Amino acid sequence: MGPWYAAAALDGSIHQSAALDGLSCEGCGAALNVASGERTAKCPYCASPNVVARPRSAGEDPTFVVGFVIPEDDARKRARAWIRSTWFVKTAFAKADVSDVRGVYLPAYLYSGSATVQYSAQIGENYTVTETYTTTDANGKTVTRTRTKVKTEWRSLSGQWAAYLDDVLVTASRGLDNAELEAIEPYDLRALRRFTPKILSGWLAEDPSRAVSECAELARQEAVEQVGSRLAAHMPGDTHRDLRHETTFQHEHGALMLLPVWVLAVKYDPQEPPVRMVLNGQTGAITGTPPRSWIKIAGAVVVLILAIALTVWMGARA
Ligand SMILES: [Zn+2]
């Protein structure tokens, strides 16, 4: 898969013009960069306090960047609304400090490639038949009636199909997994700009902390899924089943880019993993599930049962 690796070869060009310190999170493995002299006490991805200095990696520069559209006060407002969006939210969690929300430039790969797909499927064509049947009517007499029924005729179809994919985005961060990125996609890639180190000033940014080969694998999985749904939409007939496809990719390319995200990691209980909100810094799309309190839910159920019992009792006395 030469081109992908070639594009991402370590060429030693670091963000030299930006005065940045490298930090590494011992909790989740994120490789953060902050402006020189600035300190961050906690990892924005996992709220771990174990953030240690690391040498700046001599990796590739990002090619593109999508800028922040959502400002910090808006991100805080959205974080507060997110916390309140869940019923019976745990009290300790509800007290989360939304000023901990941090803007991070997330490293991601924008994958493109051409897919050659060998497929086979059963294609169904619907047709209508009129059947006669016997039944008993209201007077108990046997009568003959007709009804129409839709039937499906199946035929096999196989062939080759080609597609070009150019908008597959996958995380290159250890701190943030790909499912979370997918949950806040899409990014409007018309807003892509060439990367310049100046863009990072005032923001946290992360160096890729996943291996290129791992990102390539993630991208291909996503590309195969995309091929599957596009192929399904392309199938003729009224319906289809047993759609199988074997996809090979050529002319693969991965461009390293930075995506704006607002992250709030809440460590509300020392025994529990942190709960995290991730907010698309361009569109405001949010992912993350605030934890519910089972004690609160059980309390509400008890109150409800008592209310019903009281109503019934009052009704019986009247
Ligand atoms: Zn972390």
# chains A, B, ... in the order shown; residues from 1 in each chain; ligands from 1
>>> residues_around(residues="Val170 (chain A)", least_positions_apart="5", cutoff="9 Å", atoms="only C-alpha atoms", output="list in words")
Pro107, Ala108, Tyr109, Leu110, Tyr111, Asp177, Asn178, Leu181, Glu182, Cys215, Ala216, Leu218, Ala219 and Glu222 of chain A
>>> closest_atom_pairs(of="chain A", to="ligand 1", cutoff="9 Å", atoms="only C-alpha atoms and all ligand atoms", output="JSON lines")
{"residue": "A:Ser24", "atom": "CA", "partner": "ligand 1", "partner_atom_place_in_ligand_line": "1 (Zn)", "distance": 8.0}
{"residue": "A:Cys25", "atom": "CA", "partner": "ligand 1", "partner_atom_place_in_ligand_line": "1 (Zn)", "distance": 4.6}
{"residue": "A:Glu26", "atom": "CA", "partner": "ligand 1", "partner_atom_place_in_ligand_line": "1 (Zn)", "distance": 6.5}
{"residue": "A:Gly27", "atom": "CA", "partner": "ligand 1", "partner_atom_place_in_ligand_line": "1 (Zn)", "distance": 4.6}
{"residue": "A:Cys28", "atom": "CA", "partner": "ligand 1", "partner_atom_place_in_ligand_line": "1 (Zn)", "distance": 4.0}
{"residue": "A:Gly29", "atom": "CA", "partner": "ligand 1", "partner_atom_place_in_ligand_line": "1 (Zn)", "distance": 6.0}
{"residue": "A:Ala30", "atom": "CA", "partner": "ligand 1", "partner_atom_place_in_ligand_line": "1 (Zn)", "distance": 5.6}
{"residue": "A:Ala31", "atom": "CA", "partner": "ligand 1", "partner_atom_place_in_ligand_line": "1 (Zn)", "distance": 8.7}
{"residue": "A:Lys42", "atom": "CA", "partner": "ligand 1", "partner_atom_place_in_ligand_line": "1 (Zn)", "distance": 7.8}
{"residue": "A:Cys43", "atom": "CA", "partner": "ligand 1", "partner_atom_place_in_ligand_line": "1 (Zn)", "distance": 4.5}
{"residue": "A:Pro44", "atom": "CA", "partner": "ligand 1", "partner_atom_place_in_ligand_line": "1 (Zn)", "distance": 6.5}
{"residue": "A:Tyr45", "atom": "CA", "partner": "ligand 1", "partner_atom_place_in_ligand_line": "1 (Zn)", "distance": 4.9}
{"residue": "A:Cys46", "atom": "CA", "partner": "ligand 1", "partner_atom_place_in_ligand_line": "1 (Zn)", "distance": 4.2}
{"residue": "A:Ala47", "atom": "CA", "partner": "ligand 1", "partner_atom_place_in_ligand_line": "1 (Zn)", "distance": 6.2}
{"residue": "A:Ser48", "atom": "CA", "partner": "ligand 1", "partner_atom_place_in_ligand_line": "1 (Zn)", "distance": 5.5}
{"residue": "A:Pro49", "atom": "CA", "partner": "ligand 1", "partner_atom_place_in_ligand_line": "1 (Zn)", "distance": 8.2}
{"residue": "A:Asn50", "atom": "CA", "partner": "ligand 1", "partner_atom_place_in_ligand_line": "1 (Zn)", "distance": 8.0}
{"residue": "A:Val51", "atom": "CA", "partner": "ligand 1", "partner_atom_place_in_ligand_line": "1 (Zn)", "distance": 7.6}
{"residue": "A:Arg174", "atom": "CA", "partner": "ligand 1", "partner_atom_place_in_ligand_line": "1 (Zn)", "distance": 8.6}
{"residue": "A:Gly175", "atom": "CA", "partner": "ligand 1", "partner_atom_place_in_ligand_line": "1 (Zn)", "distance": 5.9}
>>> write_last_selection(atoms="N, CA and C atoms", output="PDB file, in the first residue's frame")
ATOM      1  N   SER A  24       2.844  14.358  27.434  1.00  0.00           N
ATOM      2  CA  SER A  24       2.277  13.052  27.158  1.00  0.00           C
ATOM      3  C   SER A  24       1.393  12.638  28.328  1.00  0.00           C
ATOM      4  N   CYS A  25       0.197  12.111  28.024  1.00  0.00           N
ATOM      5  CA  CYS A  25      -0.714  11.686  29.087  1.00  0.00           C
ATOM      6  C   CYS A  25      -0.439  10.227  29.410  1.00  0.00           C
ATOM      7  N   GLU A  26      -0.163   9.961  30.686  1.00  0.00           N
ATOM      8  CA  GLU A  26       0.095   8.577  31.089  1.00  0.00           C
ATOM      9  C   GLU A  26      -1.216   7.815  31.261  1.00  0.00           C
ATOM     10  N   GLY A  27      -2.321   8.540  31.255  1.00  0.00           N
ATOM     11  CA  GLY A  27      -3.628   7.891  31.389  1.00  0.00           C
ATOM     12  C   GLY A  27      -4.097   7.286  30.079  1.00  0.00           C
ATOM     13  N   CYS A  28      -4.107   8.077  29.003  1.00  0.00           N
ATOM     14  CA  CYS A  28      -4.683   7.593  27.747  1.00  0.00           C
ATOM     15  C   CYS A  28      -3.686   7.561  26.593  1.00  0.00           C
ATOM     16  N   GLY A  29      -2.502   8.120  26.789  1.00  0.00           N
ATOM     17  CA  GLY A  29      -1.495   8.046  25.739  1.00  0.00           C
ATOM     18  C   GLY A  29      -1.525   9.196  24.754  1.00  0.00           C
ATOM     19  N   ALA A  30      -2.383  10.193  24.989  1.00  0.00           N
ATOM     20  CA  ALA A  30      -2.441  11.338  24.083  1.00  0.00           C
ATOM     21  C   ALA A  30      -1.096  12.086  24.102  1.00  0.00           C
ATOM     22  N   ALA A  31      -0.688  12.589  22.941  1.00  0.00           N
ATOM     23  CA  ALA A  31       0.579  13.314  22.807  1.00  0.00           C
ATOM     24  C   ALA A  31       0.276  14.778  22.531  1.00  0.00           C
ATOM     25  N   LYS A  42      -4.297  18.891  33.703  1.00  0.00           N
ATOM     26  CA  LYS A  42      -5.052  17.662  33.460  1.00  0.00           C
ATOM     27  C   LYS A  42      -5.100  17.372  31.968  1.00  0.00           C
ATOM     28  N   CYS A  43      -5.182  16.093  31.640  1.00  0.00           N
ATOM     29  CA  CYS A  43      -5.356  15.721  30.236  1.00  0.00           C
ATOM     30  C   CYS A  43      -6.789  16.053  29.819  1.00  0.00           C
ATOM     31  N   PRO A  44      -6.969  16.775  28.724  1.00  0.00           N
ATOM     32  CA  PRO A  44      -8.331  17.134  28.316  1.00  0.00           C
ATOM     33  C   PRO A  44      -9.162  15.916  27.903  1.00  0.00           C
ATOM     34  N   TYR A  45      -8.501  14.856  27.458  1.00  0.00           N
ATOM     35  CA  TYR A  45      -9.247  13.687  26.984  1.00  0.00           C
ATOM     36  C   TYR A  45      -9.739  12.796  28.122  1.00  0.00           C
ATOM     37  N   CYS A  46      -8.921  12.668  29.190  1.00  0.00           N
ATOM     38  CA  CYS A  46      -9.289  11.676  30.213  1.00  0.00           C
ATOM     39  C   CYS A  46      -9.234  12.236  31.620  1.00  0.00           C
ATOM     40  N   ALA A  47      -8.931  13.519  31.787  1.00  0.00           N
ATOM     41  CA  ALA A  47      -8.886  14.182  33.091  1.00  0.00           C
ATOM     42  C   ALA A  47      -7.798  13.615  34.001  1.00  0.00           C
ATOM     43  N   SER A  48      -6.878  12.828  33.439  1.00  0.00           N
ATOM     44  CA  SER A  48      -5.794  12.291  34.259  1.00  0.00           C
ATOM     45  C   SER A  48      -4.823  13.419  34.612  1.00  0.00           C
ATOM     46  N   PRO A  49      -4.388  13.481  35.897  1.00  0.00           N
ATOM     47  CA  PRO A  49      -3.410  14.505  36.269  1.00  0.00           C
ATOM     48  C   PRO A  49      -1.984  14.099  35.890  1.00  0.00           C
ATOM     49  N   ASN A  50      -1.816  12.867  35.413  1.00  0.00           N
ATOM     50  CA  ASN A  50      -0.465  12.377  35.111  1.00  0.00           C
ATOM     51  C   ASN A  50      -0.039  12.766  33.698  1.00  0.00           C
ATOM     52  N   VAL A  51       0.223  14.056  33.549  1.00  0.00           N
ATOM     53  CA  VAL A  51       0.656  14.589  32.253  1.00  0.00           C
ATOM     54  C   VAL A  51       2.129  14.941  32.391  1.00  0.00           C
ATOM     55  N   ARG A 174      -4.546   8.661  20.245  1.00  0.00           N
ATOM     56  CA  ARG A 174      -4.791   7.607  21.226  1.00  0.00           C
ATOM     57  C   ARG A 174      -5.872   8.042  22.215  1.00  0.00           C
ATOM     58  N   GLY A 175      -5.970   9.359  22.405  1.00  0.00           N
ATOM     59  CA  GLY A 175      -6.886   9.873  23.418  1.00  0.00           C
ATOM     60  C   GLY A 175      -8.343   9.749  23.009  1.00  0.00           C
TER      61      GLY A 175
END
>>> residues_around(residues="Glu125 (chain A)", least_positions_apart="6", cutoff="8 Å", atoms="only C-alpha atoms", output="PyMOL selection string")
chain A and resi 152-154+237-239
>>> write_last_selection(atoms="N, CA and C atoms", output="PDB file, in the first residue's frame")
ATOM      1  N   THR A 152     -42.385 -11.989  -4.879  1.00  0.00           N
ATOM      2  CA  THR A 152     -41.089 -11.504  -5.335  1.00  0.00           C
ATOM      3  C   THR A 152     -40.380 -12.598  -6.133  1.00  0.00           C
ATOM      4  N   GLU A 153     -39.920 -12.211  -7.288  1.00  0.00           N
ATOM      5  CA  GLU A 153     -39.124 -13.135  -8.103  1.00  0.00           C
ATOM      6  C   GLU A 153     -37.654 -12.776  -7.910  1.00  0.00           C
ATOM      7  N   TRP A 154     -36.853 -13.779  -7.612  1.00  0.00           N
ATOM      8  CA  TRP A 154     -35.429 -13.520  -7.327  1.00  0.00           C
ATOM      9  C   TRP A 154     -34.560 -13.951  -8.485  1.00  0.00           C
ATOM     10  N   GLY A 237     -33.731  -3.378  -9.046  1.00  0.00           N
ATOM     11  CA  GLY A 237     -34.837  -4.183  -8.547  1.00  0.00           C
ATOM     12  C   GLY A 237     -35.587  -3.499  -7.423  1.00  0.00           C
ATOM     13  N   ASP A 238     -36.635  -4.177  -6.931  1.00  0.00           N
ATOM     14  CA  ASP A 238     -37.428  -3.609  -5.842  1.00  0.00           C
ATOM     15  C   ASP A 238     -36.783  -3.870  -4.496  1.00  0.00           C
ATOM     16  N   THR A 239     -36.031  -4.948  -4.426  1.00  0.00           N
ATOM     17  CA  THR A 239     -35.386  -5.314  -3.171  1.00  0.00           C
ATOM     18  C   THR A 239     -34.170  -6.188  -3.487  1.00  0.00           C
TER      19      THR A 239
END
>>> select_by_dssp(residues="region 86-291 of chain A", states="alpha helix (DSSP H)", output="NGL selection string")
:A and (91-94 or 178-184 or 212-234)
>>> write_last_selection(atoms="N, CA, C and O atoms", output="compact mmCIF listing (two decimals), in the first residue's frame")
# COMPACT_ATOMS: atom_id res chain seq x y z
N THR A 91 -25.53 13.16 40.77
CA THR A 91 -25.35 14.48 41.38
C THR A 91 -23.90 14.96 41.27
O THR A 91 -23.65 16.11 40.91
N ALA A 92 -22.96 14.06 41.55
CA ALA A 92 -21.55 14.45 41.50
C ALA A 92 -21.17 14.87 40.08
O ALA A 92 -20.39 15.81 39.88
N PHE A 93 -21.76 14.20 39.10
CA PHE A 93 -21.48 14.54 37.70
C PHE A 93 -22.10 15.88 37.32
O PHE A 93 -21.49 16.68 36.61
N ALA A 94 -23.32 16.12 37.83
CA ALA A 94 -24.02 17.37 37.51
C ALA A 94 -23.24 18.59 37.99
O ALA A 94 -23.42 19.70 37.48
N ASN A 178 -12.10 6.14 17.35
CA ASN A 178 -12.70 6.48 16.07
C ASN A 178 -14.22 6.55 16.13
O ASN A 178 -14.83 7.33 15.41
N ALA A 179 -14.83 5.76 17.03
CA ALA A 179 -16.29 5.78 17.14
C ALA A 179 -16.75 7.17 17.59
O ALA A 179 -17.78 7.68 17.13
N GLU A 180 -15.98 7.81 18.48
CA GLU A 180 -16.36 9.15 18.94
C GLU A 180 -16.22 10.17 17.83
O GLU A 180 -17.04 11.07 17.70
N LEU A 181 -15.17 10.03 17.04
CA LEU A 181 -15.02 10.95 15.91
C LEU A 181 -16.17 10.76 14.93
O LEU A 181 -16.77 11.74 14.47
N GLU A 182 -16.51 9.50 14.63
CA GLU A 182 -17.63 9.24 13.72
C GLU A 182 -18.93 9.85 14.24
O GLU A 182 -19.75 10.33 13.47
N ALA A 183 -19.09 9.82 15.57
CA ALA A 183 -20.32 10.33 16.17
C ALA A 183 -20.48 11.85 16.02
O ALA A 183 -21.60 12.34 16.03
N ILE A 184 -19.38 12.57 15.86
CA ILE A 184 -19.51 14.03 15.70
C ILE A 184 -19.27 14.48 14.27
O ILE A 184 -19.32 15.66 13.96
N VAL A 212 0.68 5.01 11.80
CA VAL A 212 0.07 5.23 10.49
C VAL A 212 -0.63 3.96 10.00
O VAL A 212 -1.73 4.03 9.44
N SER A 213 0.01 2.80 10.25
CA SER A 213 -0.58 1.54 9.78
C SER A 213 -1.94 1.30 10.46
O SER A 213 -2.87 0.79 9.84
N GLU A 214 -2.04 1.66 11.73
CA GLU A 214 -3.30 1.48 12.46
C GLU A 214 -4.38 2.41 11.88
O GLU A 214 -5.53 2.00 11.69
N CYS A 215 -3.99 3.66 11.58
CA CYS A 215 -4.93 4.62 11.00
C CYS A 215 -5.38 4.14 9.62
O CYS A 215 -6.56 4.29 9.26
N ALA A 216 -4.43 3.59 8.85
CA ALA A 216 -4.77 3.09 7.51
C ALA A 216 -5.79 1.97 7.61
O ALA A 216 -6.74 1.90 6.82
N GLU A 217 -5.62 1.10 8.61
CA GLU A 217 -6.54 -0.02 8.81
C GLU A 217 -7.94 0.50 9.18
O GLU A 217 -8.95 0.06 8.64
N LEU A 218 -7.98 1.48 10.09
CA LEU A 218 -9.25 2.11 10.48
C LEU A 218 -9.94 2.73 9.27
O LEU A 218 -11.15 2.60 9.08
N ALA A 219 -9.14 3.40 8.45
CA ALA A 219 -9.69 4.09 7.28
C ALA A 219 -10.27 3.08 6.30
O ALA A 219 -11.34 3.30 5.73
N ARG A 220 -9.57 1.96 6.10
CA ARG A 220 -10.07 0.95 5.17
C ARG A 220 -11.36 0.32 5.67
O ARG A 220 -12.28 0.07 4.88
N GLN A 221 -11.42 0.08 6.99
CA GLN A 221 -12.68 -0.46 7.54
C GLN A 221 -13.84 0.49 7.26
O GLN A 221 -14.91 0.07 6.85
N GLU A 222 -13.58 1.78 7.48
CA GLU A 222 -14.64 2.76 7.25
C GLU A 222 -14.98 2.84 5.76
O GLU A 222 -16.14 2.97 5.38
N ALA A 223 -13.95 2.74 4.93
CA ALA A 223 -14.15 2.80 3.48
C ALA A 223 -14.98 1.61 3.00
O ALA A 223 -15.87 1.75 2.16
N VAL A 224 -14.71 0.41 3.56
CA VAL A 224 -15.47 -0.79 3.17
C VAL A 224 -16.93 -0.62 3.56
O VAL A 224 -17.83 -0.97 2.80
N GLU A 225 -17.18 -0.04 4.76
CA GLU A 225 -18.56 0.21 5.19
C GLU A 225 -19.27 1.18 4.23
O GLU A 225 -20.42 0.99 3.87
N GLN A 226 -18.52 2.21 3.85
CA GLN A 226 -19.10 3.20 2.93
C GLN A 226 -19.41 2.56 1.58
O GLN A 226 -20.47 2.81 1.00
N VAL A 227 -18.49 1.71 1.11
CA VAL A 227 -18.71 0.99 -0.15
C VAL A 227 -19.98 0.15 -0.03
O VAL A 227 -20.82 0.14 -0.93
N GLY A 228 -20.13 -0.55 1.10
CA GLY A 228 -21.31 -1.41 1.33
C GLY A 228 -22.61 -0.65 1.21
O GLY A 228 -23.53 -1.08 0.52
N SER A 229 -22.68 0.54 1.84
CA SER A 229 -23.96 1.26 1.79
C SER A 229 -24.17 1.91 0.44
O SER A 229 -25.31 1.99 -0.04
N ARG A 230 -23.08 2.36 -0.20
CA ARG A 230 -23.26 2.95 -1.53
C ARG A 230 -23.66 1.89 -2.56
O ARG A 230 -24.49 2.12 -3.43
N LEU A 231 -23.06 0.69 -2.40
CA LEU A 231 -23.37 -0.42 -3.30
C LEU A 231 -24.84 -0.84 -3.13
O LEU A 231 -25.55 -1.08 -4.11
N ALA A 232 -25.29 -0.91 -1.88
CA ALA A 232 -26.68 -1.30 -1.59
C ALA A 232 -27.65 -0.33 -2.26
O ALA A 232 -28.67 -0.74 -2.81
N ALA A 233 -27.32 0.96 -2.21
CA ALA A 233 -28.18 1.98 -2.81
C ALA A 233 -28.19 1.87 -4.33
O ALA A 233 -29.14 2.32 -4.99
N HIS A 234 -27.14 1.27 -4.88
CA HIS A 234 -26.95 1.18 -6.32
C HIS A 234 -27.62 -0.07 -6.91
O HIS A 234 -27.75 -0.19 -8.13
>>> closest_residue(among="A:Val101, A:Ile83, A:Ala138, A:Val312", to="Gly281 (chain A)", atoms="only C-alpha atoms")
A:Val101
>>> closest_residue(among="A:Ala211, A:Ala172, A:Ile295, A:Ala285", to="Val89 (chain A)", atoms="only C-alpha atoms")
A:Ile295
>>> select_by_dssp(residues="region 58-170 of chain A", states="strand (DSSP E or B)", output="VMD selection string")
chain A and resid 64 to 65 89 102 to 136 142 to 170
>>> closest_residue(among="A:Arg145, A:Arg84, A:Lys95, A:Arg276", to="Trp262 (chain A)", atoms="only C-alpha atoms")
A:Arg276
>>> closest_atom_pairs(of="region 79-118 of chain A", to="region 240-254 of chain A", cutoff="6 Å", atoms="only C-alpha atoms", output="JSON lines")
{"residue": "A:Tyr109", "atom": "CA", "partner": "A:Gly254", "partner_atom": "CA", "distance": 5.7}
{"residue": "A:Leu110", "atom": "CA", "partner": "A:Gly254", "partner_atom": "CA", "distance": 5.5}
{"residue": "A:Tyr111", "atom": "CA", "partner": "A:Gly254", "partner_atom": "CA", "distance": 4.5}
{"residue": "A:Ser112", "atom": "CA", "partner": "A:His253", "partner_atom": "CA", "distance": 5.3}
{"residue": "A:Gly113", "atom": "CA", "partner": "A:Glu252", "partner_atom": "CA", "distance": 4.2}
{"residue": "A:Ser114", "atom": "CA", "partner": "A:Gln250", "partner_atom": "CA", "distance": 5.3}
{"residue": "A:Ala115", "atom": "CA", "partner": "A:Phe249", "partner_atom": "CA", "distance": 4.6}
{"residue": "A:Thr116", "atom": "CA", "partner": "A:Thr248", "partner_atom": "CA", "distance": 5.3}
{"residue": "A:Val117", "atom": "CA", "partner": "A:Thr247", "partner_atom": "CA", "distance": 4.5}
{"residue": "A:Gln118", "atom": "CA", "partner": "A:Glu246", "partner_atom": "CA", "distance": 5.2}
